[in-house]
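Colleague: Enclosed is the structure file final24.pdb (PDB, C-alpha atoms).
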MODEL        1
ATOM      1  CA  MET R 536      78.405 243.888 276.789  1.00  0.00           C
ATOM      2  CA  ASN R 537      78.616 240.771 274.648  1.00  0.00           C
ATOM      3  CA  GLU R 538      82.225 241.554 273.761  1.00  0.00           C
ATOM      4  CA  THR R 539      83.281 241.723 277.405  1.00  0.00           C
ATOM      5  CA  ARG R 540      85.320 238.698 278.489  1.00  0.00           C
ATOM      6  CA  ILE R 541      85.983 237.772 282.089  1.00  0.00           C
ATOM      7  CA  ALA R 542      88.533 235.224 283.296  1.00  0.00           C
ATOM      8  CA  ILE R 543      87.462 233.047 286.247  1.00  0.00           C
ATOM      9  CA  LEU R 544      90.680 232.055 288.005  1.00  0.00           C
ATOM     10  CA  ASP R 545      90.958 228.319 288.632  1.00  0.00           C
ATOM     11  CA  TYR R 546      93.116 227.094 291.517  1.00  0.00           C
ATOM     12  CA  GLY R 547      91.064 223.982 292.209  1.00  0.00           C
ATOM     13  CA  MET R 548      88.833 225.359 294.989  1.00  0.00           C
ATOM     14  CA  GLY R 549      85.690 227.033 293.756  1.00  0.00           C
ATOM     15  CA  ASN R 550      82.244 226.718 292.237  1.00  0.00           C
ATOM     16  CA  LEU R 551      83.664 227.723 288.863  1.00  0.00           C
ATOM     17  CA  ARG R 552      81.060 226.343 286.502  1.00  0.00           C
ATOM     18  CA  SER R 553      78.196 228.003 288.403  1.00  0.00           C
ATOM     19  CA  VAL R 554      79.907 231.386 288.133  1.00  0.00           C
ATOM     20  CA  GLU R 555      80.595 230.803 284.438  1.00  0.00           C
ATOM     21  CA  LYS R 556      76.959 229.863 283.780  1.00  0.00           C
ATOM     22  CA  ALA R 557      75.670 232.913 285.668  1.00  0.00           C
ATOM     23  CA  LEU R 558      77.872 235.216 283.570  1.00  0.00           C
ATOM     24  CA  GLU R 559      76.729 233.527 280.389  1.00  0.00           C
ATOM     25  CA  HIS R 560      73.128 234.007 281.531  1.00  0.00           C
ATOM     26  CA  VAL R 561      73.629 237.795 281.560  1.00  0.00           C
ATOM     27  CA  GLY R 562      75.353 237.730 278.166  1.00  0.00           C
ATOM     28  CA  VAL R 563      78.982 237.902 279.276  1.00  0.00           C
ATOM     29  CA  GLY R 564      81.771 235.776 277.846  1.00  0.00           C
ATOM     30  CA  ALA R 565      83.625 233.861 280.561  1.00  0.00           C
ATOM     31  CA  GLU R 566      86.602 231.526 280.610  1.00  0.00           C
ATOM     32  CA  ILE R 567      87.821 229.310 283.440  1.00  0.00           C
ATOM     33  CA  THR R 568      91.620 229.389 283.446  1.00  0.00           C
ATOM     34  CA  ASN R 569      94.787 229.571 285.520  1.00  0.00           C
ATOM     35  CA  ASP R 570      96.931 230.500 282.506  1.00  0.00           C
ATOM     36  CA  ALA R 571      98.400 233.962 283.077  1.00  0.00           C
ATOM     37  CA  GLU R 572      98.515 234.883 279.395  1.00  0.00           C
ATOM     38  CA  ARG R 573      94.864 233.948 278.869  1.00  0.00           C
ATOM     39  CA  ALA R 574      93.889 235.897 281.980  1.00  0.00           C
ATOM     40  CA  ARG R 575      95.816 238.962 280.787  1.00  0.00           C
ATOM     41  CA  GLU R 576      93.657 239.044 277.667  1.00  0.00           C
ATOM     42  CA  ALA R 577      90.461 239.347 279.735  1.00  0.00           C
ATOM     43  CA  ASP R 578      88.651 242.584 280.562  1.00  0.00           C
ATOM     44  CA  GLY R 579      88.200 241.510 284.174  1.00  0.00           C
ATOM     45  CA  LEU R 580      89.077 238.765 286.651  1.00  0.00           C
ATOM     46  CA  ILE R 581      86.971 236.829 289.132  1.00  0.00           C
ATOM     47  CA  LEU R 582      88.675 235.052 292.045  1.00  0.00           C
ATOM     48  CA  PRO R 583      86.148 232.517 293.405  1.00  0.00           C
ATOM     49  CA  GLY R 584      86.680 230.078 296.237  1.00  0.00           C
ATOM     50  CA  VAL R 585      85.135 227.454 298.498  1.00  0.00           C
ATOM     51  CA  GLY R 586      87.038 225.773 301.343  1.00  0.00           C
ATOM     52  CA  ALA R 587      89.757 226.603 303.852  1.00  0.00           C
ATOM     53  CA  PHE R 588      91.862 229.758 303.590  1.00  0.00           C
ATOM     54  CA  PRO R 589      95.355 228.246 304.223  1.00  0.00           C
ATOM     55  CA  LYS R 590      95.031 225.572 301.523  1.00  0.00           C
ATOM     56  CA  ALA R 591      93.516 228.057 299.087  1.00  0.00           C
ATOM     57  CA  ILE R 592      96.232 230.687 299.472  1.00  0.00           C
ATOM     58  CA  GLU R 593      98.855 227.944 299.113  1.00  0.00           C
ATOM     59  CA  ARG R 594      97.349 226.934 295.756  1.00  0.00           C
ATOM     60  CA  VAL R 595      96.991 230.562 294.653  1.00  0.00           C
ATOM     61  CA  ARG R 596     100.671 231.213 295.373  1.00  0.00           C
ATOM     62  CA  GLU R 597     101.811 227.983 293.710  1.00  0.00           C
ATOM     63  CA  LEU R 598     100.091 229.100 290.509  1.00  0.00           C
ATOM     64  CA  GLY R 599     101.272 232.704 290.791  1.00  0.00           C
ATOM     65  CA  LEU R 600      97.708 233.989 290.798  1.00  0.00           C
ATOM     66  CA  HIS R 601      98.376 236.384 293.698  1.00  0.00           C
ATOM     67  CA  ALA R 602     100.931 238.224 291.567  1.00  0.00           C
ATOM     68  CA  LEU R 603      98.659 238.077 288.521  1.00  0.00           C
ATOM     69  CA  VAL R 604      95.754 239.687 290.384  1.00  0.00           C
ATOM     70  CA  ALA R 605      98.012 242.449 291.722  1.00  0.00           C
ATOM     71  CA  GLU R 606      99.479 243.024 288.252  1.00  0.00           C
ATOM     72  CA  ARG R 607      96.099 243.323 286.557  1.00  0.00           C
ATOM     73  CA  LEU R 608      94.808 245.667 289.249  1.00  0.00           C
ATOM     74  CA  GLU R 609      97.867 247.848 288.704  1.00  0.00           C
ATOM     75  CA  ALA R 610      96.759 248.011 285.060  1.00  0.00           C
ATOM     76  CA  ASP R 611      93.262 249.118 286.214  1.00  0.00           C
ATOM     77  CA  VAL R 612      91.640 245.811 285.231  1.00  0.00           C
ATOM     78  CA  PRO R 613      88.661 245.164 287.574  1.00  0.00           C
ATOM     79  CA  VAL R 614      88.809 242.180 289.933  1.00  0.00           C
ATOM     80  CA  LEU R 615      85.941 240.558 291.866  1.00  0.00           C
ATOM     81  CA  GLY R 616      86.504 238.126 294.736  1.00  0.00           C
ATOM     82  CA  ILE R 617      83.629 235.779 295.627  1.00  0.00           C
ATOM     83  CA  CYS R 618      83.228 234.056 299.033  1.00  0.00           C
ATOM     84  CA  LEU R 619      86.649 232.597 299.931  1.00  0.00           C
ATOM     85  CA  GLY R 620      88.014 234.603 297.002  1.00  0.00           C
ATOM     86  CA  LEU R 621      87.047 237.787 298.866  1.00  0.00           C
ATOM     87  CA  GLN R 622      88.787 236.572 302.024  1.00  0.00           C
ATOM     88  CA  LEU R 623      92.009 235.773 300.149  1.00  0.00           C
ATOM     89  CA  LEU R 624      92.277 239.427 299.096  1.00  0.00           C
ATOM     90  CA  PHE R 625      92.820 240.493 302.725  1.00  0.00           C
ATOM     91  CA  GLU R 626      96.065 240.611 304.689  1.00  0.00           C
ATOM     92  CA  SER R 627      95.539 237.475 306.780  1.00  0.00           C
ATOM     93  CA  SER R 628      93.132 234.921 308.239  1.00  0.00           C
ATOM     94  CA  THR R 629      92.993 233.186 311.611  1.00  0.00           C
ATOM     95  CA  GLU R 630      91.533 230.006 310.071  1.00  0.00           C
ATOM     96  CA  LEU R 631      93.309 226.719 310.935  1.00  0.00           C
ATOM     97  CA  GLY R 632      96.192 228.407 312.712  1.00  0.00           C
ATOM     98  CA  GLY R 633      96.338 231.418 310.416  1.00  0.00           C
ATOM     99  CA  ALA R 634      97.853 232.349 307.074  1.00  0.00           C
ATOM    100  CA  GLU R 635      98.841 235.468 305.162  1.00  0.00           C
ATOM    101  CA  GLY R 636      96.575 236.547 302.317  1.00  0.00           C
ATOM    102  CA  ILE R 637      97.215 238.453 299.100  1.00  0.00           C
ATOM    103  CA  GLY R 638      97.036 241.741 301.027  1.00  0.00           C
ATOM    104  CA  LEU R 639      95.245 243.925 298.476  1.00  0.00           C
ATOM    105  CA  LEU R 640      92.569 244.821 301.046  1.00  0.00           C
ATOM    106  CA  SER R 641      93.460 245.861 304.596  1.00  0.00           C
ATOM    107  CA  GLY R 642      92.250 243.828 307.548  1.00  0.00           C
ATOM    108  CA  GLU R 643      91.963 240.303 308.901  1.00  0.00           C
ATOM    109  CA  VAL R 644      89.554 237.436 308.288  1.00  0.00           C
ATOM    110  CA  ARG R 645      88.138 235.952 311.503  1.00  0.00           C
ATOM    111  CA  GLU R 646      85.530 233.412 312.561  1.00  0.00           C
ATOM    112  CA  LEU R 647      81.948 234.652 312.712  1.00  0.00           C
ATOM    113  CA  GLN R 648      80.846 235.619 316.213  1.00  0.00           C
ATOM    114  CA  ALA R 649      77.351 234.209 315.790  1.00  0.00           C
ATOM    115  CA  GLY R 650      76.416 233.785 319.443  1.00  0.00           C
ATOM    116  CA  GLU R 651      73.989 230.892 319.828  1.00  0.00           C
ATOM    117  CA  LEU R 652      73.401 230.615 316.069  1.00  0.00           C
ATOM    118  CA  LYS R 653      74.816 227.643 314.204  1.00  0.00           C
ATOM    119  CA  VAL R 654      78.030 228.136 312.222  1.00  0.00           C
ATOM    120  CA  PRO R 655      78.475 227.946 309.268  1.00  0.00           C
ATOM    121  CA  HIS R 656      76.014 230.618 308.280  1.00  0.00           C
ATOM    122  CA  ILE R 657      74.006 229.033 305.459  1.00  0.00           C
ATOM    123  CA  GLY R 658      71.075 230.738 303.785  1.00  0.00           C
ATOM    124  CA  TRP R 659      69.624 234.069 302.714  1.00  0.00           C
ATOM    125  CA  SER R 660      70.402 237.290 304.595  1.00  0.00           C
ATOM    126  CA  PRO R 661      69.579 240.912 303.693  1.00  0.00           C
ATOM    127  CA  VAL R 662      72.557 243.098 302.840  1.00  0.00           C
ATOM    128  CA  THR R 663      72.984 246.732 303.866  1.00  0.00           C
ATOM    129  CA  TRP R 664      74.970 248.832 301.385  1.00  0.00           C
ATOM    130  CA  GLU R 665      77.374 251.025 303.338  1.00  0.00           C
ATOM    131  CA  GLN R 666      78.423 253.249 300.420  1.00  0.00           C
ATOM    132  CA  PRO R 667      77.452 253.720 296.772  1.00  0.00           C
ATOM    133  CA  SER R 668      79.210 251.587 294.179  1.00  0.00           C
ATOM    134  CA  PRO R 669      78.824 250.756 290.488  1.00  0.00           C
ATOM    135  CA  LEU R 670      78.867 247.101 291.595  1.00  0.00           C
ATOM    136  CA  THR R 671      75.559 247.476 293.443  1.00  0.00           C
ATOM    137  CA  GLU R 672      73.771 249.864 291.088  1.00  0.00           C
ATOM    138  CA  GLY R 673      70.073 249.008 290.808  1.00  0.00           C
ATOM    139  CA  ILE R 674      70.142 246.599 293.785  1.00  0.00           C
ATOM    140  CA  ALA R 675      68.004 247.854 296.663  1.00  0.00           C
ATOM    141  CA  ASP R 676      69.318 248.139 300.196  1.00  0.00           C
ATOM    142  CA  GLN R 677      68.328 245.107 302.322  1.00  0.00           C
ATOM    143  CA  THR R 678      68.157 242.809 299.302  1.00  0.00           C
ATOM    144  CA  PRO R 679      68.781 239.196 300.440  1.00  0.00           C
ATOM    145  CA  PHE R 680      71.788 237.270 299.114  1.00  0.00           C
ATOM    146  CA  TYR R 681      72.785 233.636 299.641  1.00  0.00           C
ATOM    147  CA  PHE R 682      75.619 232.867 302.095  1.00  0.00           C
ATOM    148  CA  VAL R 683      77.657 229.781 302.999  1.00  0.00           C
ATOM    149  CA  HIS R 684      80.571 230.666 305.330  1.00  0.00           C
ATOM    150  CA  SER R 685      82.092 230.386 308.799  1.00  0.00           C
ATOM    151  CA  PHE R 686      84.572 233.279 308.528  1.00  0.00           C
ATOM    152  CA  ALA R 687      84.258 236.920 307.476  1.00  0.00           C
ATOM    153  CA  PRO R 688      86.674 239.790 306.818  1.00  0.00           C
ATOM    154  CA  TYR R 689      87.078 242.897 308.953  1.00  0.00           C
ATOM    155  CA  PRO R 690      87.998 245.674 306.507  1.00  0.00           C
ATOM    156  CA  GLY R 691      88.694 249.314 307.173  1.00  0.00           C
ATOM    157  CA  ALA R 692      85.647 251.612 307.079  1.00  0.00           C
ATOM    158  CA  ASP R 693      86.756 253.151 303.773  1.00  0.00           C
ATOM    159  CA  GLN R 694      86.749 249.720 302.086  1.00  0.00           C
ATOM    160  CA  LEU R 695      83.455 248.469 303.581  1.00  0.00           C
ATOM    161  CA  LEU R 696      80.831 248.191 300.840  1.00  0.00           C
ATOM    162  CA  GLY R 697      78.166 245.981 302.423  1.00  0.00           C
ATOM    163  CA  SER R 698      77.259 244.298 305.705  1.00  0.00           C
ATOM    164  CA  ALA R 699      74.853 241.636 306.924  1.00  0.00           C
ATOM    165  CA  ALA R 700      73.873 240.258 310.316  1.00  0.00           C
ATOM    166  CA  TYR R 701      74.226 236.747 311.689  1.00  0.00           C
ATOM    167  CA  GLY R 702      74.611 236.996 315.437  1.00  0.00           C
ATOM    168  CA  GLU R 703      76.925 239.946 314.875  1.00  0.00           C
ATOM    169  CA  ARG R 704      76.951 242.376 311.961  1.00  0.00           C
ATOM    170  CA  PHE R 705      79.779 241.418 309.619  1.00  0.00           C
ATOM    171  CA  ALA R 706      81.329 242.777 306.439  1.00  0.00           C
ATOM    172  CA  CYS R 707      80.034 240.974 303.369  1.00  0.00           C
ATOM    173  CA  ALA R 708      81.227 243.258 300.561  1.00  0.00           C
ATOM    174  CA  ALA R 709      84.331 245.383 300.074  1.00  0.00           C
ATOM    175  CA  GLN R 710      85.806 247.647 297.444  1.00  0.00           C
ATOM    176  CA  SER R 711      88.992 249.584 296.799  1.00  0.00           C
ATOM    177  CA  GLY R 712      89.333 251.250 293.419  1.00  0.00           C
ATOM    178  CA  SER R 713      88.853 248.572 290.756  1.00  0.00           C
ATOM    179  CA  LEU R 714      88.953 245.787 293.363  1.00  0.00           C
ATOM    180  CA  PHE R 715      85.639 244.377 294.607  1.00  0.00           C
ATOM    181  CA  GLY R 716      84.669 241.418 296.754  1.00  0.00           C
ATOM    182  CA  VAL R 717      81.535 239.778 298.148  1.00  0.00           C
ATOM    183  CA  GLN R 718      81.188 237.156 300.866  1.00  0.00           C
ATOM    184  CA  PHE R 719      77.858 235.897 299.515  1.00  0.00           C
ATOM    185  CA  HIS R 720      77.420 233.860 296.331  1.00  0.00           C
ATOM    186  CA  PRO R 721      75.962 236.069 293.564  1.00  0.00           C
ATOM    187  CA  GLU R 722      75.761 233.040 291.256  1.00  0.00           C
ATOM    188  CA  LYS R 723      73.299 231.475 293.751  1.00  0.00           C
ATOM    189  CA  SER R 724      71.432 234.678 294.616  1.00  0.00           C
ATOM    190  CA  SER R 725      68.734 234.793 291.953  1.00  0.00           C
ATOM    191  CA  ALA R 726      68.000 238.058 290.106  1.00  0.00           C
ATOM    192  CA  ALA R 727      69.970 240.279 292.499  1.00  0.00           C
ATOM    193  CA  GLY R 728      73.080 238.143 292.109  1.00  0.00           C
ATOM    194  CA  LEU R 729      72.793 238.193 288.339  1.00  0.00           C
ATOM    195  CA  ARG R 730      72.403 241.983 288.452  1.00  0.00           C
ATOM    196  CA  LEU R 731      75.591 242.274 290.522  1.00  0.00           C
ATOM    197  CA  LEU R 732      77.539 240.113 288.056  1.00  0.00           C
ATOM    198  CA  SER R 733      76.111 242.129 285.166  1.00  0.00           C
ATOM    199  CA  ASN R 734      77.184 245.328 286.939  1.00  0.00           C
ATOM    200  CA  PHE R 735      80.708 243.939 287.329  1.00  0.00           C
ATOM    201  CA  ALA R 736      80.811 243.083 283.635  1.00  0.00           C
ATOM    202  CA  GLY R 737      79.683 246.624 282.879  1.00  0.00           C
ATOM    203  CA  ILE R 738      82.535 248.012 284.978  1.00  0.00           C
ATOM    204  CA  CYS R 739      84.963 245.786 283.045  1.00  0.00           C
ATOM    205  CA  SER R 740      83.496 246.937 279.723  1.00  0.00           C
ATOM    206  CA  ARG R 741      83.775 250.634 280.583  1.00  0.00           C
ATOM    207  CA  VAL R 742      87.380 250.260 281.738  1.00  0.00           C
ATOM    208  CA  ALA R 743      88.289 248.301 278.599  1.00  0.00           C
ATOM    209  CA  THR R 744      86.645 250.913 276.357  1.00  0.00           C
ATOM    210  CA  ALA R 745      88.469 253.752 278.100  1.00  0.00           C
ATOM    211  CA  ALA R 746      91.864 252.040 277.848  1.00  0.00           C
TER     212      ALA R 746
ENDMDL
END
So, in terms of structure tokens, how does the structure I just supplied come out?
Modeller:
Amino acid sequence: MNETRIAILDYGMGNLRSVEKALEHVGVGAEITNDAERAREADGLILPGVGAFPKAIERVRELGLHALVAERLEADVPVLGICLGLQLLFESSTELGGAEGIGLLSGEVRELQAGELKVPHIGWSPVTWEQPSPLTEGIADQTPFYFVHSFAPYPGADQLLGSAAYGERFACAAQSGSLFGVQFHPEKSSAAGLRLLSNFAGICSRVATAA
């Protein structure tokens, strides 16, 4: 595990240092970078993100990170999207007039339908795992994770990994092959979040060893 190295993709909108520190806490080497060659040397990629979808996808495209993520996935390198990073992996978002996403997961990102509850959704909510995954191994169903968001993705049933409720039930985790994403912040989610990041590192390590 100590030899596993994960690149945290930096496009100027994300809680990068917190993710890096959480990975280091579970014994995983991490590097914050937007250099394609450095990222290609990593065993896995994390696409974080905090802020508005249109500005974020603009920055991602300017830096060529959308193509980099697709390229590494094609080479079976695991990728994890966190919060806005998860949303960017989808086909589109309605936020601020709408924008096209990277399109590696099917579906649209839309505003939470929270009823009378205040948006953004900020705080701890239990997560229901909708299918088994190596990403969630050892994490009990209904474990709480920490959320800060106003929008959520609407993936196809085959890509839905986890859901939570805030007014409505919404998708909060997705997977497709070596591509994973979570709407919550694992780096702020105590022991369960650290376990999820450790699981992701383990996935990266197994893929690297098998290559």
Colleague: Please provide as a PDB file with C-alpha atoms, in the frame of the given file all residues within 8 Å of Ala709 of chain R, with the sequence filter that same-chain residues fewer than 4 positions apart are discarded (counting only C-alpha atoms).
Modeller:
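Done, and the output landed in part00.pdb:
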ATOM      1  CA  PRO R 690      87.998 245.674 306.507  1.00  0.00           C
ATOM      2  CA  GLN R 694      86.749 249.720 302.086  1.00  0.00           C
ATOM      3  CA  LEU R 695      83.455 248.469 303.581  1.00  0.00           C
ATOM      4  CA  LEU R 696      80.831 248.191 300.840  1.00  0.00           C
ATOM      5  CA  GLY R 697      78.166 245.981 302.423  1.00  0.00           C
ATOM      6  CA  PHE R 715      85.639 244.377 294.607  1.00  0.00           C
ATOM      7  CA  GLY R 716      84.669 241.418 296.754  1.00  0.00           C
ATOM      8  CA  VAL R 717      81.535 239.778 298.148  1.00  0.00           C
TER       9      VAL R 717
END
Colleague: Which residue out of R:Ala706, R:Val561, R:Ala577, R:Ile657 has the minimum interatomic distance to Pro688 of chain R when all atoms listed in the file are used?
Modeller: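 Closest to Pro688 of chain R, using all atoms listed in the file: R:Ala706.
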Colleague: Could you check which of R:His656, R:Lys723, R:Arg607, R:Arg730 is closest to Ala700 of chain R, using all atoms listed in the file?
Modeller: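 Nearest to Ala700 of chain R: R:His656.
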Colleague: Using all atoms listed in the file, which of the listed residues (R:Ser725, R:Ser627, R:Thr678, R:Gln648) sits closest to Pro661 of chain R?
Modeller: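 The answer is R:Thr678, which sits nearest to Pro661 of chain R.
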Colleague: Could you work out an axis-aligned bounding box for all listed atoms of segment 588-598 of chain R, with 6 Å added on each of the six sides, and give its centre and edge lengths in Å to one decimal, as AutoDock Vina command-line options?
Modeller:
--center_x 96.8 --center_y 228.4 --center_z 297.4 --size_x 21.9 --size_y 17.6 --size_z 25.7
Colleague: Which residue out of R:Ser724, R:Ser698, R:Ser668, R:Ser685 has the minimum interatomic distance to Val554 of chain R when only C-alpha atoms are used?
Modeller: R:Ser724
Colleague: To test your reading of the syntax: which residues would the PyMOL selection byres ((chain R and resi 649) around 12) return for the file shown? Reply as a VMD selection string.
Modeller: chain R and resid 645 to 648 650 to 656 684 to 687 699 to 705
Colleague: Save segment 731-741 of chain R to disk from that block, all heavy atoms included, as an mmCIF file, in the first residue's frame.
Modeller:
data_model
loop_
_atom_site.group_PDB
_atom_site.id
_atom_site.type_symbol
_atom_site.label_atom_id
_atom_site.label_comp_id
_atom_site.auth_asym_id
_atom_site.auth_seq_id
_atom_site.Cartn_x
_atom_site.Cartn_y
_atom_site.Cartn_z
ATOM 1 N N LEU R 731 -12.930 4.509 3.022
ATOM 2 C CA LEU R 731 -13.253 4.575 1.597
ATOM 3 C C LEU R 731 -12.025 4.966 0.774
ATOM 4 O O LEU R 731 -11.750 4.373 -0.276
ATOM 5 C CB LEU R 731 -14.405 5.557 1.368
ATOM 6 C CG LEU R 731 -14.952 5.619 -0.068
ATOM 7 C CD1 LEU R 731 -16.468 5.783 -0.047
ATOM 8 C CD2 LEU R 731 -14.321 6.757 -0.862
ATOM 9 N N LEU R 732 -11.263 5.951 1.245
ATOM 10 C CA LEU R 732 -10.059 6.364 0.529
ATOM 11 C C LEU R 732 -9.014 5.254 0.542
ATOM 12 O O LEU R 732 -8.319 5.027 -0.458
ATOM 13 C CB LEU R 732 -9.491 7.640 1.143
ATOM 14 C CG LEU R 732 -10.327 8.907 0.925
ATOM 15 C CD1 LEU R 732 -9.752 10.069 1.728
ATOM 16 C CD2 LEU R 732 -10.408 9.269 -0.554
ATOM 17 N N SER R 733 -8.913 4.536 1.653
ATOM 18 C CA SER R 733 -8.002 3.397 1.723
ATOM 19 C C SER R 733 -8.428 2.304 0.755
ATOM 20 O O SER R 733 -7.590 1.674 0.094
ATOM 21 C CB SER R 733 -7.960 2.863 3.151
ATOM 22 O OG SER R 733 -7.080 1.757 3.251
ATOM 23 N N ASN R 734 -9.746 2.065 0.665
ATOM 24 C CA ASN R 734 -10.263 1.087 -0.299
ATOM 25 C C ASN R 734 -9.908 1.483 -1.730
ATOM 26 O O ASN R 734 -9.529 0.635 -2.542
ATOM 27 C CB ASN R 734 -11.780 0.964 -0.165
ATOM 28 C CG ASN R 734 -12.211 0.196 1.067
ATOM 29 O OD1 ASN R 734 -11.410 -0.463 1.724
ATOM 30 N ND2 ASN R 734 -13.487 0.282 1.392
ATOM 31 N N PHE R 735 -10.053 2.782 -2.039
ATOM 32 C CA PHE R 735 -9.716 3.243 -3.389
ATOM 33 C C PHE R 735 -8.238 3.018 -3.681
ATOM 34 O O PHE R 735 -7.870 2.559 -4.765
ATOM 35 C CB PHE R 735 -10.071 4.721 -3.557
ATOM 36 C CG PHE R 735 -9.696 5.270 -4.914
ATOM 37 C CD1 PHE R 735 -10.346 4.840 -6.057
ATOM 38 C CD2 PHE R 735 -8.675 6.203 -5.042
ATOM 39 C CE1 PHE R 735 -9.990 5.326 -7.319
ATOM 40 C CE2 PHE R 735 -8.307 6.696 -6.285
ATOM 41 C CZ PHE R 735 -8.976 6.254 -7.426
ATOM 42 N N ALA R 736 -7.398 3.321 -2.700
ATOM 43 C CA ALA R 736 -5.962 3.088 -2.870
ATOM 44 C C ALA R 736 -5.681 1.601 -3.089
ATOM 45 O O ALA R 736 -4.804 1.227 -3.889
ATOM 46 C CB ALA R 736 -5.190 3.605 -1.663
ATOM 47 N N GLY R 737 -6.413 0.750 -2.393
ATOM 48 C CA GLY R 737 -6.252 -0.683 -2.578
ATOM 49 C C GLY R 737 -6.633 -1.126 -3.983
ATOM 50 O O GLY R 737 -5.964 -1.993 -4.566
ATOM 51 N N ILE R 738 -7.696 -0.547 -4.519
ATOM 52 C CA ILE R 738 -8.103 -0.826 -5.899
ATOM 53 C C ILE R 738 -6.971 -0.424 -6.854
ATOM 54 O O ILE R 738 -6.595 -1.171 -7.767
ATOM 55 C CB ILE R 738 -9.402 -0.069 -6.260
ATOM 56 C CG1 ILE R 738 -10.564 -0.558 -5.403
ATOM 57 C CG2 ILE R 738 -9.720 -0.226 -7.747
ATOM 58 C CD1 ILE R 738 -11.778 0.338 -5.465
ATOM 59 N N CYS R 739 -6.414 0.764 -6.634
ATOM 60 C CA CYS R 739 -5.322 1.267 -7.471
ATOM 61 C C CYS R 739 -4.113 0.328 -7.393
ATOM 62 O O CYS R 739 -3.480 0.018 -8.411
ATOM 63 C CB CYS R 739 -4.917 2.673 -7.033
ATOM 64 S SG CYS R 739 -6.184 3.919 -7.224
ATOM 65 N N SER R 740 -3.802 -0.134 -6.184
ATOM 66 C CA SER R 740 -2.657 -1.009 -5.979
ATOM 67 C C SER R 740 -2.834 -2.344 -6.695
ATOM 68 O O SER R 740 -1.911 -2.845 -7.348
ATOM 69 C CB SER R 740 -2.443 -1.240 -4.480
ATOM 70 O OG SER R 740 -1.377 -2.119 -4.265
ATOM 71 N N ARG R 741 -4.034 -2.909 -6.605
ATOM 72 C CA ARG R 741 -4.293 -4.199 -7.258
ATOM 73 C C ARG R 741 -4.215 -4.080 -8.772
ATOM 74 O O ARG R 741 -3.683 -4.953 -9.451
ATOM 75 C CB ARG R 741 -5.660 -4.741 -6.823
ATOM 76 C CG ARG R 741 -5.684 -5.189 -5.377
ATOM 77 C CD ARG R 741 -6.943 -5.981 -5.067
ATOM 78 N NE ARG R 741 -8.135 -5.187 -5.109
ATOM 79 C CZ ARG R 741 -8.604 -4.484 -4.088
ATOM 80 N NH1 ARG R 741 -7.931 -4.460 -2.930
ATOM 81 N NH2 ARG R 741 -9.727 -3.805 -4.183
#
